[in-house]
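Right, one structure below, let's go through it.
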Amino acid sequence: MRYVCLIYNSADVDGRQSAAESEAVVRAHFSFDEGLRDRGTLIHAEALETPDKAVVLRVRGNAISMTDGPYVETKEHLAGVYFIDASDMDEAAAIAAGIPCARIGAVEIRPVRMLALPE
């Protein structure tokens, strides 16, 4: 079964890390990714730019509106994603517990819903 692990970091933490601390987290992610690849459980992983580089798009009727940034009332933001293959939620949680950013932020684990059109 496929799961997505959504990594949330605090804007406060992002702004306070030294270059050495940031580099250590990146190195830990690369090592973690390699381990998942070797086990055959990594489908895909990406880090995301900070929220100030985001755009929110909405379509209402035929009108498209875009605003800069997510403008949500929270101090946490979506920082990255992992798509993994796990037998169940327990295994997905065990894998997600190894995500380096879980130590400084939070990881939401969600089963991927496989959509199909009715026949």
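Ligands are numbered from 1 in the order shown, residues from 1 within each chain, and chains are lettered A, B, ... in the order they appear in the structure tokens.
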
* Asked: Got a sec: who's within 9 Å of A:Glu108, counting only C-alpha atoms, leaving out chain neighbours fewer than 3 positions off, as an MDAnalysis selection string?
  -> chainID A and resid 4:8 96

Could you please write out, as a PyMOL selection string, every residue of chain A that DSSP assigns to alpha helix (DSSP H)?
-> chain A and resi 11-16+19-39+89-96

Could you write out the selected residues, including N, CA and C atoms, as a short mmCIF file (atom, residue, chain, number, x, y, z; two decimals), in the first residue's frame?
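Resulting contents of result-v1.cif:
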data_model
loop_
_atom_site.label_atom_id
_atom_site.label_comp_id
_atom_site.auth_asym_id
_atom_site.auth_seq_id
_atom_site.Cartn_x
_atom_site.Cartn_y
_atom_site.Cartn_z
N ALA A 11 8.29 27.50 11.08
CA ALA A 11 8.99 28.65 10.49
C ALA A 11 10.03 29.17 11.46
N ASP A 12 9.77 29.05 12.76
CA ASP A 12 10.74 29.49 13.76
C ASP A 12 12.01 28.65 13.70
N VAL A 13 11.86 27.33 13.56
CA VAL A 13 13.03 26.45 13.50
C VAL A 13 13.81 26.70 12.22
N ASP A 14 13.11 26.84 11.09
CA ASP A 14 13.78 27.07 9.82
C ASP A 14 14.66 28.31 9.88
N GLY A 15 14.19 29.35 10.51
CA GLY A 15 14.92 30.60 10.57
C GLY A 15 16.05 30.63 11.58
N ARG A 16 16.06 29.67 12.52
CA ARG A 16 17.06 29.69 13.58
C ARG A 16 18.20 28.70 13.38
N ALA A 19 23.93 27.26 9.37
CA ALA A 19 24.25 26.59 8.10
C ALA A 19 24.69 25.15 8.37
N ALA A 20 25.46 24.95 9.42
CA ALA A 20 25.94 23.61 9.76
C ALA A 20 24.78 22.69 10.17
N GLU A 21 23.82 23.23 10.94
CA GLU A 21 22.65 22.44 11.34
C GLU A 21 21.80 22.08 10.14
N SER A 22 21.59 23.03 9.24
CA SER A 22 20.81 22.76 8.03
C SER A 22 21.49 21.71 7.17
N GLU A 23 22.81 21.83 7.03
CA GLU A 23 23.55 20.85 6.22
C GLU A 23 23.46 19.46 6.85
N ALA A 24 23.52 19.37 8.16
CA ALA A 24 23.41 18.08 8.84
C ALA A 24 22.06 17.43 8.57
N VAL A 25 20.99 18.23 8.57
CA VAL A 25 19.65 17.69 8.29
C VAL A 25 19.58 17.20 6.85
N VAL A 26 20.13 17.97 5.92
CA VAL A 26 20.12 17.55 4.51
C VAL A 26 20.89 16.26 4.33
N ARG A 27 22.08 16.17 4.94
CA ARG A 27 22.87 14.94 4.85
C ARG A 27 22.11 13.75 5.45
N ALA A 28 21.44 13.96 6.56
CA ALA A 28 20.65 12.89 7.18
C ALA A 28 19.53 12.43 6.25
N HIS A 29 18.89 13.38 5.57
CA HIS A 29 17.83 13.01 4.62
C HIS A 29 18.38 12.19 3.46
N PHE A 30 19.52 12.60 2.91
CA PHE A 30 20.11 11.84 1.80
C PHE A 30 20.44 10.41 2.25
N SER A 31 20.97 10.26 3.44
CA SER A 31 21.29 8.93 3.97
C SER A 31 20.01 8.12 4.19
N PHE A 32 18.99 8.75 4.77
CA PHE A 32 17.71 8.09 5.00
C PHE A 32 17.10 7.64 3.67
N ASP A 33 17.13 8.53 2.67
CA ASP A 33 16.59 8.20 1.34
C ASP A 33 17.28 6.97 0.75
N GLU A 34 18.60 6.94 0.87
CA GLU A 34 19.37 5.81 0.33
C GLU A 34 18.95 4.50 1.00
N GLY A 35 18.74 4.55 2.32
CA GLY A 35 18.29 3.36 3.03
C GLY A 35 16.93 2.89 2.56
N LEU A 36 16.01 3.82 2.35
CA LEU A 36 14.68 3.45 1.84
C LEU A 36 14.76 2.87 0.43
N ARG A 37 15.61 3.46 -0.41
CA ARG A 37 15.79 2.93 -1.77
C ARG A 37 16.32 1.50 -1.72
N ASP A 38 17.31 1.28 -0.85
CA ASP A 38 17.89 -0.06 -0.73
C ASP A 38 16.86 -1.09 -0.26
N ARG A 39 15.91 -0.66 0.59
CA ARG A 39 14.86 -1.56 1.08
C ARG A 39 13.71 -1.69 0.09
N MET A 89 -0.28 0.74 8.13
CA MET A 89 0.02 2.01 8.80
C MET A 89 1.14 1.86 9.83
N ASP A 90 1.20 0.70 10.50
CA ASP A 90 2.26 0.50 11.48
C ASP A 90 3.64 0.54 10.81
N GLU A 91 3.77 -0.13 9.68
CA GLU A 91 5.05 -0.10 8.97
C GLU A 91 5.33 1.30 8.43
N ALA A 92 4.30 1.97 7.93
CA ALA A 92 4.47 3.34 7.43
C ALA A 92 4.94 4.26 8.56
N ALA A 93 4.38 4.09 9.75
CA ALA A 93 4.78 4.90 10.90
C ALA A 93 6.22 4.60 11.30
N ALA A 94 6.61 3.33 11.24
CA ALA A 94 7.99 2.97 11.58
C ALA A 94 8.97 3.60 10.59
N ILE A 95 8.60 3.61 9.32
CA ILE A 95 9.45 4.25 8.31
C ILE A 95 9.50 5.75 8.56
N ALA A 96 8.33 6.37 8.76
CA ALA A 96 8.25 7.82 8.95
C ALA A 96 9.01 8.28 10.20
#

Write out as a list in words the residues lying within 8 Å of stretch 77-85 of chain A, counting only C-alpha atoms and excluding same-chain residues fewer than 4 positions away.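 In the requested format, the answer is Met1, Arg2, Tyr3, Val4, Cys5, Leu6, Ile7, Tyr8, Asn9, Ser10, Ala11, Gly40, Thr41, Leu42, Ile43, His44, Ala45, Glu46, Ala47, Leu48, Glu49, Thr50, Pro51 and Ala92 of chain A.
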
_Please return, as a VMD selection string, all residues of chain A that DSSP assigns to strand (DSSP E or B) on the basis of the backbone._
chain A and resid 2 to 10 42 to 47 55 to 60 63 to 68 76 to 85 106 to 111

>> Between atom CA of A:Gly105 and atom CA of A:Asp68, what is the distance in Å, rounded to a tenth?
In response: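 Taking atom CA of A:Gly105 as the start and atom CA of A:Asp68 as the end point, the length is 23.6 Å.
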
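Atom CA of A:Val112 to atom CA of A:Ala54 spans 23.4 Å [interatomic distance, one decimal].
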
inquiry  = Need the shell around A:Arg58: protein/DNA/RNA residues with any atom at most 12 Å away, counting only C-alpha atoms. Skip same-chain ones fewer than 4 positions apart. Format as an NGL selection string?
reply    = :A and (62-68 or 70)
